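Undergrad: Sharing start.csv (CSV, C-alpha atoms) below.
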```csv
chain,number,residue,atom,x,y,z
A,1,MET,CA,-20.6,46.5,19.9
A,2,LEU,CA,-22.2,46.5,23.3
A,3,LYS,CA,-19.4,48.0,25.2
A,4,GLY,CA,-15.9,48.9,24.1
A,5,THR,CA,-13.7,51.3,22.2
A,6,ARG,CA,-12.6,51.9,18.6
A,7,THR,CA,-9.9,54.1,17.0
A,8,ALA,CA,-11.2,56.6,14.5
A,9,VAL,CA,-9.9,59.5,12.4
A,10,ILE,CA,-12.1,62.6,12.5
A,11,HIS,CA,-13.1,64.1,9.1
A,12,ARG,CA,-15.6,66.8,10.1
A,13,ILE,CA,-17.4,68.1,13.2
A,14,GLN,CA,-20.7,69.9,12.8
A,15,PRO,CA,-22.3,71.6,15.8
A,16,MET,CA,-26.1,71.6,16.0
A,17,SER,CA,-28.7,72.8,18.4
A,18,ILE,CA,-31.7,70.7,19.5
A,19,HIS,CA,-34.1,72.7,21.6
A,20,GLY,CA,-31.2,74.9,22.7
A,21,GLN,CA,-28.8,72.1,23.7
A,22,ILE,CA,-25.6,71.8,21.6
A,23,SER,CA,-24.7,68.4,20.2
A,24,LEU,CA,-22.0,67.6,17.7
A,25,ASP,CA,-22.3,65.5,14.6
A,26,VAL,CA,-18.9,63.8,14.2
A,27,PHE,CA,-18.0,62.3,10.9
A,28,TRP,CA,-15.2,59.7,11.1
A,29,THR,CA,-13.4,56.8,9.5
A,30,ASP,CA,-11.9,53.6,10.8
A,31,PRO,CA,-8.1,53.8,9.9
A,32,GLU,CA,-8.2,50.0,9.2
A,33,ASP,CA,-11.1,50.2,6.8
A,34,PRO,CA,-9.6,49.9,3.2
A,35,GLU,CA,-12.7,51.5,1.7
A,36,GLY,CA,-12.5,54.5,4.0
A,37,GLU,CA,-16.3,54.6,4.6
A,38,ILE,CA,-17.3,57.8,6.4
A,39,ARG,CA,-19.4,57.1,9.5
A,40,HIS,CA,-21.4,59.4,11.8
A,41,ALA,CA,-21.9,59.7,15.5
A,42,ARG,CA,-24.0,62.4,17.4
A,43,VAL,CA,-22.7,63.1,20.9
A,44,GLY,CA,-23.2,65.8,23.5
A,45,ASN,CA,-20.7,68.7,23.5
A,46,GLU,CA,-19.6,67.7,27.0
A,47,ALA,CA,-18.4,64.2,25.8
A,48,VAL,CA,-15.9,65.6,23.3
A,49,PRO,CA,-12.4,67.0,23.8
A,50,THR,CA,-12.3,70.8,23.7
A,51,HIS,CA,-9.7,71.1,20.9
A,52,MET,CA,-10.8,68.1,18.7
A,53,ALA,CA,-10.4,68.9,14.9
A,54,ALA,CA,-10.5,67.2,11.5
A,55,GLY,CA,-7.5,64.9,11.1
A,56,ASP,CA,-7.2,64.0,14.8
A,57,THR,CA,-7.0,60.3,15.8
A,58,VAL,CA,-9.3,59.6,18.6
A,59,THR,CA,-10.9,56.8,20.6
A,60,LEU,CA,-14.6,56.3,20.4
A,61,HIS,CA,-16.2,54.8,23.5
A,62,TYR,CA,-19.3,52.7,22.9
A,63,LEU,CA,-22.1,51.5,25.1
A,64,MET,CA,-25.0,49.5,23.7
A,65,GLY,CA,-23.9,50.3,20.1
A,66,MET,CA,-23.9,54.1,20.6
A,67,VAL,CA,-20.9,56.4,20.9
A,68,THR,CA,-21.0,57.9,24.4
A,69,GLU,CA,-17.7,59.7,24.6
A,70,ILE,CA,-14.7,60.6,22.4
A,71,THR,CA,-11.2,61.0,23.8
A,72,LYS,CA,-8.0,62.1,22.1
A,73,ASN,CA,-5.2,59.6,21.7
```
Using the file provided, produce a representation of the structure as structure tokens.
TA:
Amino acid sequence: MLKGTRTAVIHRIQPMSIHGQISLDVFWTDPEDPEGEIRHARVGNEAVPTHMAAGDTVTLHYLMGMVTEITKN
């Protein structure tokens, strides 16, 4: 997907530090995927809602095939 959005259900969020900058590894599934494959996106802490948690339904915003922002539905 070059540019667009996709609905996702959050399964796990794991903070990580790369050279002192916090990023989040977000593990999610597509609610329409019958196999429930868990996928992964790494985004900056500033691009994620403050109170996002496992089980939340969110919108993933894509640009050039990469998740650039996550917003709560």
Undergrad: Using all atoms listed in the file, which of A:Val48, A:Val43, A:Val67, A:Leu60 sits nearest Met16 of chain A?
TA: A:Val43
Undergrad: Please compute the atom CA of Glu69 of chain A-atom CA of Thr57 of chain A distance, one decimal, in Å.
TA: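 The value is 13.9 Å.
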Undergrad: Hey, can you check how far atom CA of Val58 of chain A sits from atom CA of Val26 of chain A?
TA: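 If I compute the distance from atom CA of Val58 of chain A to atom CA of Val26 of chain A, I get 11.4 Å.
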Undergrad: I'd like the interatomic distance between atom CA of Glu37 of chain A and atom CA of Arg12 of chain A, to a tenth of an Å.
TA: 13.4 Å
Undergrad: Return the single residue from A:Gly20, A:Gly65, A:Gly36, A:Pro49 that is closest to Thr5 of chain A, with distances computed using all atoms listed in the file.
TA: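 Comparing A:Gly20, A:Gly65, A:Gly36, A:Pro49 against Thr5 of chain A, the winner is A:Gly65.
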Undergrad: Within 12 Å of (-18.8, 60.5, 7.9) (coordinates as in the file), grab all the protein and nucleic acid residues, counting all atoms listed in the file, and write them out as a list in words.
TA: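 Those within range, by chain then number, are Ala8, Val9, Ile10, His11, Arg12, Ile13, Gln14, Asp25, Val26, Phe27, Trp28, Thr29, Asp30, Gly36, Glu37, Ile38, Arg39, His40, Ala41, Arg42 and Ala54 of chain A.
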Undergrad: Kindly export the residues of the current selection with C-alpha atoms, as a short mmCIF file (atom, residue, chain, number, x, y, z; two decimals), in the coordinates of the input.
TA:
```
data_model
loop_
_atom_site.label_atom_id
_atom_site.label_comp_id
_atom_site.auth_asym_id
_atom_site.auth_seq_id
_atom_site.Cartn_x
_atom_site.Cartn_y
_atom_site.Cartn_z
CA ALA A 8 -11.20 56.60 14.50
CA VAL A 9 -9.90 59.50 12.40
CA ILE A 10 -12.10 62.60 12.50
CA HIS A 11 -13.10 64.10 9.10
CA ARG A 12 -15.60 66.80 10.10
CA ILE A 13 -17.40 68.10 13.20
CA GLN A 14 -20.70 69.90 12.80
CA ASP A 25 -22.30 65.50 14.60
CA VAL A 26 -18.90 63.80 14.20
CA PHE A 27 -18.00 62.30 10.90
CA TRP A 28 -15.20 59.70 11.10
CA THR A 29 -13.40 56.80 9.50
CA ASP A 30 -11.90 53.60 10.80
CA GLY A 36 -12.50 54.50 4.00
CA GLU A 37 -16.30 54.60 4.60
CA ILE A 38 -17.30 57.80 6.40
CA ARG A 39 -19.40 57.10 9.50
CA HIS A 40 -21.40 59.40 11.80
CA ALA A 41 -21.90 59.70 15.50
CA ARG A 42 -24.00 62.40 17.40
CA ALA A 54 -10.50 67.20 11.50
#
```
Undergrad: Of the candidates A:Thr7, A:Glu46, A:Ala53, A:Lys72, which shows the shortest atom-to-atom distance to Asp33 of chain A, using all atoms listed in the file?
TA: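 That would be A:Thr7, the residue with the smallest distance to Asp33 of chain A.
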Undergrad: List the neighbours of Met66 of chain A out to 9 Å using only C-alpha atoms; skip same-chain residues closer than 4 positions along the sequence, and give me the result as a ChimeraX atom specification.
TA: /A:1-3,41-42,61-62
Undergrad: Some atoms are absent from segment 12-31 of chain A, so rebuild N, CA and C atoms and return them as a compact mmCIF listing (two decimals), keeping the file's coordinate frame.
TA:
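Ended up saving to selection14.txt:
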```txt
# COMPACT_ATOMS: atom_id res chain seq x y z
N ARG A 12 -14.89 65.51 10.00
CA ARG A 12 -15.60 66.80 10.10
C ARG A 12 -16.43 66.78 11.38
N ILE A 13 -16.58 67.97 11.96
CA ILE A 13 -17.40 68.10 13.20
C ILE A 13 -18.39 69.25 12.87
N GLN A 14 -19.66 68.94 13.08
CA GLN A 14 -20.70 69.90 12.80
C GLN A 14 -21.56 70.13 14.05
N PRO A 15 -21.47 71.31 14.68
CA PRO A 15 -22.30 71.60 15.80
C PRO A 15 -23.78 71.75 15.39
N MET A 16 -24.68 71.36 16.27
CA MET A 16 -26.10 71.60 16.00
C MET A 16 -26.82 71.80 17.32
N SER A 17 -27.92 72.50 17.24
CA SER A 17 -28.70 72.80 18.40
C SER A 17 -30.05 72.10 18.32
N ILE A 18 -30.36 71.34 19.37
CA ILE A 18 -31.70 70.70 19.50
C ILE A 18 -32.32 71.24 20.72
N HIS A 19 -33.35 72.05 20.54
CA HIS A 19 -34.10 72.70 21.60
C HIS A 19 -33.10 73.46 22.55
N GLY A 20 -32.10 74.11 21.95
CA GLY A 20 -31.20 74.90 22.70
C GLY A 20 -29.98 74.19 23.27
N GLN A 21 -29.94 72.87 23.19
CA GLN A 21 -28.80 72.10 23.70
C GLN A 21 -27.88 71.77 22.53
N ILE A 22 -26.58 72.08 22.69
CA ILE A 22 -25.60 71.80 21.60
C ILE A 22 -25.18 70.39 21.62
N SER A 23 -25.26 69.78 20.45
CA SER A 23 -24.70 68.40 20.20
C SER A 23 -23.78 68.57 19.01
N LEU A 24 -22.94 67.55 18.83
CA LEU A 24 -22.00 67.60 17.70
C LEU A 24 -22.24 66.34 16.84
N ASP A 25 -22.34 66.57 15.54
CA ASP A 25 -22.30 65.50 14.60
C ASP A 25 -20.87 65.30 14.18
N VAL A 26 -20.33 64.13 14.49
CA VAL A 26 -18.90 63.80 14.20
C VAL A 26 -18.85 62.82 13.11
N PHE A 27 -18.16 63.17 12.04
CA PHE A 27 -18.00 62.30 10.90
C PHE A 27 -16.57 61.73 10.96
N TRP A 28 -16.44 60.39 10.88
CA TRP A 28 -15.20 59.70 11.10
C TRP A 28 -14.98 58.52 10.24
N THR A 29 -13.74 58.05 10.15
CA THR A 29 -13.40 56.80 9.50
C THR A 29 -12.61 55.91 10.36
N ASP A 30 -12.70 54.62 10.09
CA ASP A 30 -11.90 53.60 10.80
C ASP A 30 -10.56 53.56 10.00
N PRO A 31 -9.40 53.80 10.67
CA PRO A 31 -8.10 53.80 9.90
C PRO A 31 -7.78 52.44 9.32
```
